$ cat structure10.pdb   # PDB, C-alpha atoms
ATOM      1  CA  MET A  20     102.014 109.377 115.801
ATOM      2  CA  LEU A  21     104.334 107.067 113.814
ATOM      3  CA  LYS A  22     103.677 106.719 110.094
ATOM      4  CA  LEU A  23     103.736 103.078 109.012
ATOM      5  CA  GLY A  24     104.942 102.322 105.510
ATOM      6  CA  PHE A  25     106.957  99.898 103.421
ATOM      7  CA  ASN A  26     109.825 100.097 100.979
ATOM      8  CA  SER A  27     108.582  99.844  97.384
ATOM      9  CA  ALA A  28     111.506  97.650  96.226
ATOM     10  CA  ILE A  29     109.663  94.496  97.320
ATOM     11  CA  LEU A  30     107.013  95.222  94.646
ATOM     12  CA  ALA A  31     109.523  95.841  91.873
ATOM     13  CA  ASP A  32     107.301  94.414  89.123
ATOM     14  CA  PHE A  33     104.409  96.809  89.749
ATOM     15  CA  GLY A  34     103.859 100.448  88.879
ATOM     16  CA  LEU A  35     103.557 103.254  91.406
ATOM     17  CA  ASP A  36      99.780 103.469  91.005
ATOM     18  CA  HIS A  37      99.359  99.786  91.967
ATOM     19  CA  ILE A  38     101.701 100.140  94.972
ATOM     20  CA  LEU A  39      99.930 103.231  96.316
ATOM     21  CA  LYS A  40      96.550 101.557  95.924
ATOM     22  CA  PHE A  41      97.832  98.444  97.745
ATOM     23  CA  ALA A  42      99.225 100.636 100.536
ATOM     24  CA  GLY A  43      96.019 102.630 100.920
ATOM     25  CA  ASN A  44      93.839  99.518 100.927
ATOM     26  CA  HIS A  45      95.931  97.771 103.599
ATOM     27  CA  GLY A  46      96.343 100.422 106.251
ATOM     28  CA  PHE A  47      99.695 101.940 105.319
ATOM     29  CA  SER A  48     100.087 105.685 105.520
ATOM     30  CA  CYS A  49     103.347 106.075 103.593
ATOM     31  CA  ILE A  50     105.745 104.485 101.089
ATOM     32  CA  GLU A  51     109.508 104.790 100.628
ATOM     33  CA  VAL A  52     109.650 105.033  96.830
ATOM     34  CA  MET A  53     112.642 103.694  94.905
ATOM     35  CA  CYS A  54     114.174 106.052  92.331
ATOM     36  CA  TRP A  55     117.052 104.265  90.614
ATOM     37  CA  PRO A  56     118.019 105.474  87.140
ATOM     38  CA  SER A  57     115.644 103.829  84.681
ATOM     39  CA  ASP A  58     118.526 102.508  82.572
ATOM     40  CA  ASN A  59     120.728 101.309  85.432
ATOM     41  CA  ALA A  60     122.197  97.809  85.441
ATOM     42  CA  ASP A  61     122.477  97.099  89.168
ATOM     43  CA  ALA A  62     121.583  93.445  89.643
ATOM     44  CA  ARG A  63     121.906  93.413  93.445
ATOM     45  CA  ARG A  64     118.862  92.075  95.282
ATOM     46  CA  TYR A  65     116.245  94.838  95.662
ATOM     47  CA  ALA A  66     118.423  97.339  93.775
ATOM     48  CA  GLY A  67     117.714  98.921  90.417
ATOM     49  CA  VAL A  68     114.015  99.505  91.119
ATOM     50  CA  THR A  69     112.441 102.588  89.534
ATOM     51  CA  HIS A  70     108.969 103.549  90.769
ATOM     52  CA  ILE A  71     109.540 107.244  90.087
ATOM     53  CA  ASN A  72     111.808 108.117  87.193
ATOM     54  CA  VAL A  73     113.288 111.382  88.442
ATOM     55  CA  GLN A  74     114.831 112.077  85.031
ATOM     56  CA  GLU A  75     111.374 112.367  83.476
ATOM     57  CA  LEU A  76     109.587 114.236  86.242
ATOM     58  CA  ASP A  77     107.767 116.921  84.289
ATOM     59  CA  HIS A  78     104.828 118.991  85.544
ATOM     60  CA  LYS A  79     102.207 116.480  84.354
ATOM     61  CA  ARG A  80     103.946 113.541  86.057
ATOM     62  CA  ILE A  81     104.266 115.518  89.283
ATOM     63  CA  GLN A  82     100.555 116.322  89.241
ATOM     64  CA  ASP A  83      99.691 112.691  88.447
ATOM     65  CA  ILE A  84     101.766 111.441  91.388
ATOM     66  CA  LYS A  85     100.237 113.985  93.770
ATOM     67  CA  PHE A  86      96.757 112.959  92.587
ATOM     68  CA  LEU A  87      97.528 109.271  93.238
ATOM     69  CA  LEU A  88      98.861 110.049  96.704
ATOM     70  CA  ASN A  89      95.786 112.095  97.573
ATOM     71  CA  GLU A  90      93.388 109.532  96.091
ATOM     72  CA  ASN A  91      94.894 106.683  98.132
ATOM     73  CA  LYS A  92      95.512 108.785 101.267
ATOM     74  CA  VAL A  93      99.180 107.781 101.257
ATOM     75  CA  SER A  94     102.294 109.978 101.510
ATOM     76  CA  ILE A  95     105.880 109.392 100.396
ATOM     77  CA  SER A  96     108.135 108.922 103.426
ATOM     78  CA  ALA A  97     111.266 109.328 101.306
ATOM     79  CA  LEU A  98     112.651 108.943  97.825
ATOM     80  CA  GLY A  99     115.211 106.142  97.966
ATOM     81  CA  TYR A 100     118.358 105.499  95.941
ATOM     82  CA  TYR A 101     121.163 103.346  97.364
ATOM     83  CA  PRO A 102     124.311 103.432  95.193
ATOM     84  CA  ASN A 103     128.018 103.667  96.134
ATOM     85  CA  PRO A 104     129.064 107.345  95.853
ATOM     86  CA  LEU A 105     132.574 106.518  97.159
ATOM     87  CA  TYR A 106     133.166 103.912  94.455
ATOM     88  CA  PRO A 107     136.854 103.906  93.438
ATOM     89  CA  ASP A 108     136.030 104.405  89.740
ATOM     90  CA  LEU A 109     135.623 108.205  89.648
ATOM     91  CA  GLU A 110     133.344 108.160  86.613
ATOM     92  CA  LYS A 111     130.919 105.797  88.324
ATOM     93  CA  SER A 112     131.174 107.694  91.582
ATOM     94  CA  GLN A 113     130.297 110.938  89.821
ATOM     95  CA  PHE A 114     127.322 109.304  88.091
ATOM     96  CA  TYR A 115     125.990 108.130  91.475
ATOM     97  CA  VAL A 116     126.488 111.561  93.030
ATOM     98  CA  GLU A 117     124.716 113.293  90.153
ATOM     99  CA  HIS A 118     121.750 110.956  90.397
ATOM    100  CA  ILE A 119     121.507 111.549  94.158
ATOM    101  CA  MET A 120     121.271 115.252  93.251
ATOM    102  CA  GLU A 121     118.486 114.440  90.782
ATOM    103  CA  VAL A 122     116.608 112.561  93.499
ATOM    104  CA  ILE A 123     116.996 115.546  95.839
ATOM    105  CA  ARG A 124     115.565 117.824  93.130
ATOM    106  CA  ALA A 125     112.672 115.400  92.657
ATOM    107  CA  ALA A 126     111.949 115.353  96.397
ATOM    108  CA  LYS A 127     111.700 119.145  96.349
ATOM    109  CA  LYS A 128     109.300 119.070  93.384
ATOM    110  CA  LEU A 129     107.108 116.415  95.021
ATOM    111  CA  ASP A 130     107.093 118.063  98.485
ATOM    112  CA  VAL A 131     108.860 115.021  99.956
ATOM    113  CA  SER A 132     111.016 115.889 102.967
ATOM    114  CA  THR A 133     113.658 113.153 102.832
ATOM    115  CA  VAL A 134     116.011 111.235 100.535
ATOM    116  CA  THR A 135     117.332 107.860 101.743
ATOM    117  CA  THR A 136     120.678 106.557 100.496
ATOM    118  CA  PHE A 137     124.140 105.143 101.307
ATOM    119  CA  ILE A 138     127.420 106.950 101.989
ATOM    120  CA  GLY A 139     129.234 104.354  99.891
ATOM    121  CA  ARG A 140     132.733 102.946 100.401
ATOM    122  CA  ASP A 141     135.856 101.719  98.658
ATOM    123  CA  GLN A 142     135.742  98.191 100.041
ATOM    124  CA  ASN A 143     139.520  97.755  99.738
ATOM    125  CA  LYS A 144     140.416 100.796 101.835
ATOM    126  CA  SER A 145     140.298 101.381 105.573
ATOM    127  CA  ILE A 146     137.615 103.383 107.333
ATOM    128  CA  LYS A 147     140.141 106.176 107.900
ATOM    129  CA  GLU A 148     140.984 106.331 104.188
ATOM    130  CA  ASN A 149     137.308 106.254 103.225
ATOM    131  CA  LEU A 150     136.544 109.124 105.595
ATOM    132  CA  LYS A 151     139.059 111.229 103.673
ATOM    133  CA  THR A 152     137.165 110.471 100.452
ATOM    134  CA  PHE A 153     133.863 111.139 102.219
ATOM    135  CA  GLU A 154     135.173 114.584 103.177
ATOM    136  CA  LYS A 155     135.779 115.350  99.499
ATOM    137  CA  VAL A 156     132.541 113.918  98.064
ATOM    138  CA  TRP A 157     129.736 114.485 100.543
ATOM    139  CA  PRO A 158     129.855 118.169 101.602
ATOM    140  CA  THR A 159     128.720 119.202  98.106
ATOM    141  CA  ILE A 160     125.732 116.828  98.282
ATOM    142  CA  ILE A 161     124.708 118.051 101.710
ATOM    143  CA  ARG A 162     125.068 121.721 100.741
ATOM    144  CA  PHE A 163     122.766 121.105  97.800
ATOM    145  CA  ALA A 164     120.269 119.266 100.041
ATOM    146  CA  GLU A 165     120.350 122.233 102.445
ATOM    147  CA  GLU A 166     119.564 124.602  99.577
ATOM    148  CA  GLN A 167     116.553 122.452  98.687
ATOM    149  CA  ASN A 168     115.586 121.939 102.370
ATOM    150  CA  ILE A 169     115.679 118.141 101.946
ATOM    151  CA  LYS A 170     116.898 115.815 104.707
ATOM    152  CA  ILE A 171     119.418 113.108 103.805
ATOM    153  CA  ALA A 172     118.948 109.834 105.702
ATOM    154  CA  ILE A 173     121.850 107.371 105.490
ATOM    155  CA  GLU A 174     121.107 103.701 106.073
ATOM    156  CA  ASN A 175     123.538 101.966 108.418
ATOM    157  CA  CYS A 176     123.855  98.818 106.292
ATOM    158  CA  PRO A 177     127.516  97.728 105.860
ATOM    159  CA  MET A 178     126.766  96.274 102.418
ATOM    160  CA  PHE A 179     128.988  93.302 103.119
ATOM    161  CA  PHE A 180     126.976  90.221 102.328
ATOM    162  CA  THR A 181     128.429  88.596  99.225
ATOM    163  CA  ASP A 182     131.998  87.666  98.283
ATOM    164  CA  ASP A 183     132.291  90.530  95.784
ATOM    165  CA  GLU A 184     131.756  93.002  98.669
ATOM    166  CA  TRP A 185     134.654  91.596 100.720
ATOM    167  CA  PRO A 186     136.506  92.739 102.787
ATOM    168  CA  GLY A 187     135.115  96.134 103.806
ATOM    169  CA  GLY A 188     131.653  96.254 102.300
ATOM    170  CA  LYS A 189     130.263  99.066 100.173
ATOM    171  CA  ASN A 190     128.808 101.440 102.757
ATOM    172  CA  LEU A 191     130.881 103.337 105.285
ATOM    173  CA  ALA A 192     128.133 104.256 107.773
ATOM    174  CA  ILE A 193     128.312 101.017 109.760
ATOM    175  CA  SER A 194     128.606 102.073 113.415
ATOM    176  CA  PRO A 195     128.241 104.877 115.954
ATOM    177  CA  ALA A 196     132.020 105.453 115.815
ATOM    178  CA  VAL A 197     131.794 106.157 112.075
ATOM    179  CA  TRP A 198     128.591 108.199 112.406
ATOM    180  CA  ASP A 199     130.351 110.469 114.897
ATOM    181  CA  CYS A 200     133.139 111.075 112.375
ATOM    182  CA  MET A 201     130.610 111.759 109.609
ATOM    183  CA  PHE A 202     128.628 114.227 111.691
ATOM    184  CA  GLU A 203     131.790 115.959 112.899
ATOM    185  CA  ILE A 204     132.920 116.460 109.289
ATOM    186  CA  ILE A 205     129.416 117.533 108.196
ATOM    187  CA  PRO A 206     127.510 118.884 111.240
ATOM    188  CA  SER A 207     124.438 119.918 109.227
ATOM    189  CA  PRO A 208     121.179 118.946 110.988
ATOM    190  CA  ILE A 209     119.652 117.828 107.674
ATOM    191  CA  PHE A 210     122.277 115.042 107.523
ATOM    192  CA  GLY A 211     121.115 112.025 109.515
ATOM    193  CA  LEU A 212     120.241 108.351 109.632
ATOM    194  CA  ASN A 213     117.814 105.969 108.035
ATOM    195  CA  TYR A 214     118.195 103.692 111.043
ATOM    196  CA  ASP A 215     117.852  99.919 110.590
ATOM    197  CA  PRO A 216     118.287  97.980 113.850
ATOM    198  CA  SER A 217     118.866  94.631 112.118
ATOM    199  CA  HIS A 218     122.398  95.541 111.008
ATOM    200  CA  MET A 219     123.430  96.147 114.617
ATOM    201  CA  ILE A 220     122.408  92.631 115.640
ATOM    202  CA  TRP A 221     124.742  90.697 113.332
ATOM    203  CA  GLN A 222     127.557  93.148 114.092
ATOM    204  CA  MET A 223     127.099  92.251 117.793
ATOM    205  CA  MET A 224     126.025  95.797 118.774
ATOM    206  CA  ASP A 225     123.168  97.190 120.853
ATOM    207  CA  GLU A 226     120.292  98.074 118.538
ATOM    208  CA  LEU A 227     118.512 100.331 121.069
ATOM    209  CA  ARG A 228     121.255 102.658 122.318
ATOM    210  CA  PRO A 229     121.610 104.574 119.009
ATOM    211  CA  ILE A 230     117.975 105.680 119.218
ATOM    212  CA  TYR A 231     118.821 107.639 122.368
ATOM    213  CA  ASP A 232     122.296 108.745 121.295
ATOM    214  CA  TYR A 233     121.230 109.924 117.814
ATOM    215  CA  LYS A 234     117.660 111.021 118.468
ATOM    216  CA  ASP A 235     118.219 114.287 116.571
ATOM    217  CA  ARG A 236     119.641 112.409 113.576
ATOM    218  CA  LEU A 237     116.763 109.949 113.127
ATOM    219  CA  HIS A 238     115.274 111.120 109.824
ATOM    220  CA  HIS A 239     113.791 107.774 108.727
ATOM    221  CA  ILE A 240     113.440 104.273 110.199
ATOM    222  CA  HIS A 241     113.647 100.872 108.500
ATOM    223  CA  LEU A 242     111.831  97.984 110.147
ATOM    224  CA  LYS A 243     113.777  94.842 109.301
ATOM    225  CA  ASP A 244     114.643  91.926 111.536
ATOM    226  CA  VAL A 245     117.557  89.503 111.456
ATOM    227  CA  LYS A 246     118.123  86.006 112.766
ATOM    228  CA  LEU A 247     121.563  85.206 114.145
ATOM    229  CA  TYR A 248     122.356  81.478 113.912
ATOM    230  CA  ARG A 249     124.574  80.893 116.916
ATOM    231  CA  ASP A 250     125.576  77.367 115.866
ATOM    232  CA  LYS A 251     126.809  78.670 112.493
ATOM    233  CA  LEU A 252     128.574  81.618 114.117
ATOM    234  CA  ASP A 253     130.326  79.254 116.521
ATOM    235  CA  ARG A 254     131.609  77.345 113.501
ATOM    236  CA  VAL A 255     132.713  80.162 111.141
ATOM    237  CA  GLY A 256     133.280  83.151 113.489
ATOM    238  CA  ILE A 257     132.636  86.854 112.945
ATOM    239  CA  MET A 258     135.382  87.133 110.300
ATOM    240  CA  ALA A 259     133.322  85.020 107.885
ATOM    241  CA  ASN A 260     131.034  86.349 105.179
ATOM    242  CA  PRO A 261     128.137  87.609 107.377
ATOM    243  CA  LEU A 262     125.462  85.644 105.480
ATOM    244  CA  GLU A 263     127.181  82.481 106.693
ATOM    245  CA  TYR A 264     125.793  83.122 110.182
ATOM    246  CA  HIS A 265     122.724  85.350 109.848
ATOM    247  CA  SER A 266     119.679  85.958 107.665
ATOM    248  CA  PRO A 267     117.291  88.914 107.209
ATOM    249  CA  LYS A 268     113.795  88.192 108.553
ATOM    250  CA  LEU A 269     110.399  89.833 108.819
ATOM    251  CA  PRO A 270     109.853  91.969 111.942
ATOM    252  CA  GLY A 271     109.125  89.631 114.850
ATOM    253  CA  LEU A 272     110.819  86.579 113.307
ATOM    254  CA  GLY A 273     114.368  87.459 114.338
ATOM    255  CA  ASP A 274     116.401  88.799 117.236
ATOM    256  CA  VAL A 275     115.583  92.535 117.303
ATOM    257  CA  ASN A 276     113.974  93.577 120.594
ATOM    258  CA  TRP A 277     110.992  95.274 118.994
ATOM    259  CA  ARG A 278     109.226  96.095 122.255
ATOM    260  CA  GLY A 279     112.357  97.866 123.469
ATOM    261  CA  PHE A 280     112.855  99.436 120.038
ATOM    262  CA  PHE A 281     109.440 101.092 119.911
ATOM    263  CA  ALA A 282     109.693 102.031 123.596
ATOM    264  CA  ALA A 283     112.925 103.863 122.762
ATOM    265  CA  LEU A 284     111.322 105.641 119.781
ATOM    266  CA  THR A 285     108.523 106.878 122.037
ATOM    267  CA  ASP A 286     111.051 107.860 124.742
ATOM    268  CA  VAL A 287     112.843 110.204 122.331
ATOM    269  CA  ARG A 288     109.531 111.443 120.855
ATOM    270  CA  TYR A 289     110.283 110.217 117.344
ATOM    271  CA  ARG A 290     107.400 111.221 115.076
ATOM    272  CA  GLY A 291     108.539 110.167 111.621
ATOM    273  CA  PRO A 292     108.032 107.210 109.288
ATOM    274  CA  VAL A 293     108.666 103.594 110.283
ATOM    275  CA  VAL A 294     109.040 101.688 107.032
ATOM    276  CA  ILE A 295     108.965  97.913 106.638
ATOM    277  CA  GLU A 296     111.825  96.611 104.491
ATOM    278  CA  VAL A 297     111.204  93.056 103.311
ATOM    279  CA  GLU A 298     114.340  91.054 102.508
ATOM    280  CA  ASP A 299     113.329  87.674 103.937
ATOM    281  CA  LYS A 300     114.211  84.954 101.406
ATOM    282  CA  ALA A 301     111.553  82.684 102.898
ATOM    283  CA  TYR A 302     108.936  84.995 101.343
ATOM    284  CA  GLU A 303     110.238  85.316  97.792
ATOM    285  CA  GLY A 304     108.732  82.241  96.154
ATOM    286  CA  SER A 305     105.665  83.896  94.675
ATOM    287  CA  LEU A 306     103.676  87.102  94.527
ATOM    288  CA  GLU A 307     101.404  85.687  97.209
ATOM    289  CA  ASP A 308     104.476  85.140  99.430
ATOM    290  CA  VAL A 309     105.501  88.768  98.938
ATOM    291  CA  ARG A 310     102.008  90.002  99.771
ATOM    292  CA  THR A 311     101.989  87.778 102.859
ATOM    293  CA  ALA A 312     105.380  89.153 103.909
ATOM    294  CA  ILE A 313     104.217  92.770 103.760
ATOM    295  CA  LEU A 314     100.949  92.108 105.601
ATOM    296  CA  THR A 315     102.496  89.778 108.208
ATOM    297  CA  SER A 316     105.045  92.489 108.974
ATOM    298  CA  ARG A 317     102.252  95.060 109.204
ATOM    299  CA  ASN A 318     100.254  92.868 111.568
ATOM    300  CA  TYR A 319     103.205  92.360 113.906
ATOM    301  CA  VAL A 320     104.268  96.012 113.994
ATOM    302  CA  ARG A 321     100.732  97.315 114.506
ATOM    303  CA  GLN A 322     100.746  96.247 118.173
ATOM    304  CA  PHE A 323     103.206  99.084 118.844
ATOM    305  CA  LEU A 324     101.425 101.744 116.802
ATOM    306  CA  GLY A 325      97.889 101.959 118.120
ATOM    307  CA  ASP A 326      95.145 102.575 115.548
ATOM    308  CA  HIS A 327      96.466 102.122 111.991
TER     309      HIS A 327
END

$ encode --input "structure10.pdb" --output "structure tokens"
Amino acid sequence: MLKLGFNSAILADFGLDHILKFAGNHGFSCIEVMCWPSDNADARRYAGVTHINVQELDHKRIQDIKFLLNENKVSISALGYYPNPLYPDLEKSQFYVEHIMEVIRAAKKLDVSTVTTFIGRDQNKSIKENLKTFEKVWPTIIRFAEEQNIKIAIENCPMFFTDDEWPGGKNLAISPAVWDCMFEIIPSPIFGLNYDPSHMIWQMMDELRPIYDYKDRLHHIHLKDVKLYRDKLDRVGIMANPLEYHSPKLPGLGDVNWRGFFAALTDVRYRGPVVIEVEDKAYEGSLEDVRTAILTSRNYVRQFLGDH
């Protein structure tokens, strides 16, 4: 019913063939595959990972990828690329937009239904000002995705974690209020969410309500947990850098109500991918830690999925 997968960024040092084999051997049915430009210089944690180079996706490579998927009985839940298309430098913004287009083309060639990404944001401008930029930049992307029949799933991560992302963060799609504005400007049904409940927790919002309110916009799901440290929050307050009072965790090790979360997904008859996103610093010390993180997450989530 739900397709369990993981985001390939956690296995950045391995090739696609290794990742698909690992997924197939450990009970995963899909992978969200990272598609950053092969020559990009993004040093952000888990960014800049290229498991499919969409700029070199010729017929032979397409056939090779399809063979690997079939051999390992694994599908691609989405092609992922998470830049900042609303970046204030227009040259950089245009580069990001053009690569999103390349990823959409690649999804069409590979028979993948969805591309996961960010809206982006000028961190020094208000939400209202950024929505005006959004209205200029994003309709062209969505029209192109419609032509290719590819869904666009926007992750709701504010991208405000480090001091260089202060004060507004680098992704506009942070809340239901903003999503409503986005979907009013671009009402296309192919334009939706890659919903991650963890980002609602540290913003002090209900992580379950959006599943009901945006059931028709749920194109992809990220399974990531977060631990809110109340003692730290009491000391620094919500105006502090968010990492001063919370930390990403594996599913089941934080504050997301996973029983309620999966109950809500079944209530709305969601039938798409649920993809583990590992960003827990406690599991970054070694390759064995990373492997443990993926499989521990799988083991916890399996209780809600039946036979997997």

$ resolve_selection --input "structure10.pdb" --expression "the PyMOL selection byres ((chain A and resi 105) around 10)" --output "list in words"
Pro102, Asn103, Pro104, Tyr106, Pro107, Asp108, Leu109, Lys111, Ser112, Gln113, Tyr115, Val116, Phe137, Ile138, Gly139, Arg140, Asp141, Gln142, Asn149, Leu150, Thr152, Phe153, Lys155, Val156, Trp157, Lys189, Asn190 and Leu191 of chain A

$ resolve_selection --input "structure10.pdb" --expression "the PyMOL selection byres ((chain A and resi 277) around 10)" --output "list in words"
Pro216, Glu226, Leu227, Leu242, Asp244, Pro270, Gly271, Gly273, Asp274, Val275, Asn276, Arg278, Gly279, Phe280, Phe281, Ala282, Ala283, Tyr319, Val320 and Phe323 of chain A

$ residues_around --input "structure10.pdb" --residues "A:Arg288" --least-positions-apart "4" --cutoff "12 Å" --atoms "only C-alpha atoms" --output "ChimeraX atom specification"
/A:20-21,230-231,234-235,237,281-284

$ atom_distance --input "structure10.pdb" --atom1 "atom CA of A:His239" --atom2 "atom CA of A:Glu296"
12.1 Å

$ atom_distance --input "structure10.pdb" --atom1 "atom CA of A:Ser132" --atom2 "atom CA of A:Ser96"
7.6 Å

$ closest_residue --input "structure10.pdb" --among "A:Leu23, A:Ala164, A:Ala196, A:Val73" --to "A:Gly325" --atoms "all atoms listed in the file"
A:Leu23

$ closest_residue --input "structure10.pdb" --among "A:His118, A:Ala259, A:Ala42, A:Leu129" --to "A:Asp182" --atoms "all atoms listed in the file"
A:Ala259

$ closest_atom_pairs --input "structure10.pdb" --of "stretch 86-137 of chain A" --to "stretch 169-179 of chain A" --cutoff "7 Å" --atoms "only C-alpha atoms" --output "CSV"
residue,atom,partner,partner_atom,distance
A:Ile123,CA,A:Ile169,CA,6.8
A:Lys127,CA,A:Ile169,CA,6.9
A:Ser132,CA,A:Ile169,CA,5.3
A:Thr133,CA,A:Lys170,CA,4.6
A:Val134,CA,A:Ile171,CA,5.1
A:Thr135,CA,A:Ala172,CA,4.7
A:Thr136,CA,A:Ile173,CA,5.2
A:Phe137,CA,A:Ile173,CA,5.3

$ closest_residue --input "structure10.pdb" --among "A:Leu269, A:Ile29, A:Ile193, A:Leu252" --to "A:Met224" --atoms "all atoms listed in the file"
A:Ile193

$ resolve_selection --input "structure10.pdb" --expression "the PyMOL selection byres ((chain A and resi 180) around 6)" --output "PyMOL selection string"
chain A and resi 179+181+261-262

$ residues_around --input "structure10.pdb" --residues "A:His37" --least-positions-apart "3" --cutoff "12 Å" --atoms "all atoms listed in the file" --output "ChimeraX atom specification"
/A:27,30-34,40-44,70,84,87-88,91

$ write_last_selection --input "structure10.pdb" --atoms "C-alpha atoms" --output "PDB file, in the coordinates of the input"
ATOM      1  CA  SER A  27     108.582  99.844  97.384  1.00  0.00           C
ATOM      2  CA  LEU A  30     107.013  95.222  94.646  1.00  0.00           C
ATOM      3  CA  ALA A  31     109.523  95.841  91.873  1.00  0.00           C
ATOM      4  CA  ASP A  32     107.301  94.414  89.123  1.00  0.00           C
ATOM      5  CA  PHE A  33     104.409  96.809  89.749  1.00  0.00           C
ATOM      6  CA  GLY A  34     103.859 100.448  88.879  1.00  0.00           C
ATOM      7  CA  LYS A  40      96.550 101.557  95.924  1.00  0.00           C
ATOM      8  CA  PHE A  41      97.832  98.444  97.745  1.00  0.00           C
ATOM      9  CA  ALA A  42      99.225 100.636 100.536  1.00  0.00           C
ATOM     10  CA  GLY A  43      96.019 102.630 100.920  1.00  0.00           C
ATOM     11  CA  ASN A  44      93.839  99.518 100.927  1.00  0.00           C
ATOM     12  CA  HIS A  70     108.969 103.549  90.769  1.00  0.00           C
ATOM     13  CA  ILE A  84     101.766 111.441  91.388  1.00  0.00           C
ATOM     14  CA  LEU A  87      97.528 109.271  93.238  1.00  0.00           C
ATOM     15  CA  LEU A  88      98.861 110.049  96.704  1.00  0.00           C
ATOM     16  CA  ASN A  91      94.894 106.683  98.132  1.00  0.00           C
TER      17      ASN A  91
END

$ atom_distance --input "structure10.pdb" --atom1 "atom CA of A:Asp36" --atom2 "atom CA of A:Lys268"
27.2 Å

$ closest_residue --input "structure10.pdb" --among "A:Leu98, A:Cys49, A:Ile81, A:Ile205" --to "A:Val68" --atoms "all atoms listed in the file"
A:Leu98

$ residues_near_point --input "structure10.pdb" --point "(124.2, 83.2, 115.7)" --cutoff "12 Å" --atoms "all atoms listed in the file" --output "list in words"
Ile220, Trp221, Gln222, Met223, Val245, Lys246, Leu247, Tyr248, Arg249, Asp250, Lys251, Leu252, Asp253, Arg254, Val255, Gly256, Ile257, Pro261, Leu262, Glu263, Tyr264, His265, Ser266, Gly273 and Asp274 of chain A

$ write_last_selection --input "structure10.pdb" --atoms "C-alpha atoms" --output "mmCIF file, in the frame of the given file"
data_model
loop_
_atom_site.group_PDB
_atom_site.id
_atom_site.type_symbol
_atom_site.label_atom_id
_atom_site.label_comp_id
_atom_site.auth_asym_id
_atom_site.auth_seq_id
_atom_site.Cartn_x
_atom_site.Cartn_y
_atom_site.Cartn_z
ATOM 1 C CA ILE A 220 122.408 92.631 115.640
ATOM 2 C CA TRP A 221 124.742 90.697 113.332
ATOM 3 C CA GLN A 222 127.557 93.148 114.092
ATOM 4 C CA MET A 223 127.099 92.251 117.793
ATOM 5 C CA VAL A 245 117.557 89.503 111.456
ATOM 6 C CA LYS A 246 118.123 86.006 112.766
ATOM 7 C CA LEU A 247 121.563 85.206 114.145
ATOM 8 C CA TYR A 248 122.356 81.478 113.912
ATOM 9 C CA ARG A 249 124.574 80.893 116.916
ATOM 10 C CA ASP A 250 125.576 77.367 115.866
ATOM 11 C CA LYS A 251 126.809 78.670 112.493
ATOM 12 C CA LEU A 252 128.574 81.618 114.117
ATOM 13 C CA ASP A 253 130.326 79.254 116.521
ATOM 14 C CA ARG A 254 131.609 77.345 113.501
ATOM 15 C CA VAL A 255 132.713 80.162 111.141
ATOM 16 C CA GLY A 256 133.280 83.151 113.489
ATOM 17 C CA ILE A 257 132.636 86.854 112.945
ATOM 18 C CA PRO A 261 128.137 87.609 107.377
ATOM 19 C CA LEU A 262 125.462 85.644 105.480
ATOM 20 C CA GLU A 263 127.181 82.481 106.693
ATOM 21 C CA TYR A 264 125.793 83.122 110.182
ATOM 22 C CA HIS A 265 122.724 85.350 109.848
ATOM 23 C CA SER A 266 119.679 85.958 107.665
ATOM 24 C CA GLY A 273 114.368 87.459 114.338
ATOM 25 C CA ASP A 274 116.401 88.799 117.236
#

$ closest_residue --input "structure10.pdb" --among "A:Leu39, A:Asp215, A:Ile204, A:Trp198" --to "A:Phe86" --atoms "all atoms listed in the file"
A:Leu39

$ residues_around --input "structure10.pdb" --residues "A:Val293" --least-positions-apart "3" --cutoff "6 Å" --atoms "all atoms listed in the file" --output "mmCIF file with C-alpha atoms, in the frame of the given file"
data_model
loop_
_atom_site.group_PDB
_atom_site.id
_atom_site.type_symbol
_atom_site.label_atom_id
_atom_site.label_comp_id
_atom_site.auth_asym_id
_atom_site.auth_seq_id
_atom_site.Cartn_x
_atom_site.Cartn_y
_atom_site.Cartn_z
ATOM 1 C CA LYS A 22 103.677 106.719 110.094
ATOM 2 C CA LEU A 23 103.736 103.078 109.012
ATOM 3 C CA ILE A 240 113.440 104.273 110.199
ATOM 4 C CA HIS A 241 113.647 100.872 108.500
#

$ closest_residue --input "structure10.pdb" --among "A:Asp232, A:Val52, A:Gln82, A:Asn143" --to "A:Asp183" --atoms "all atoms listed in the file"
A:Asn143
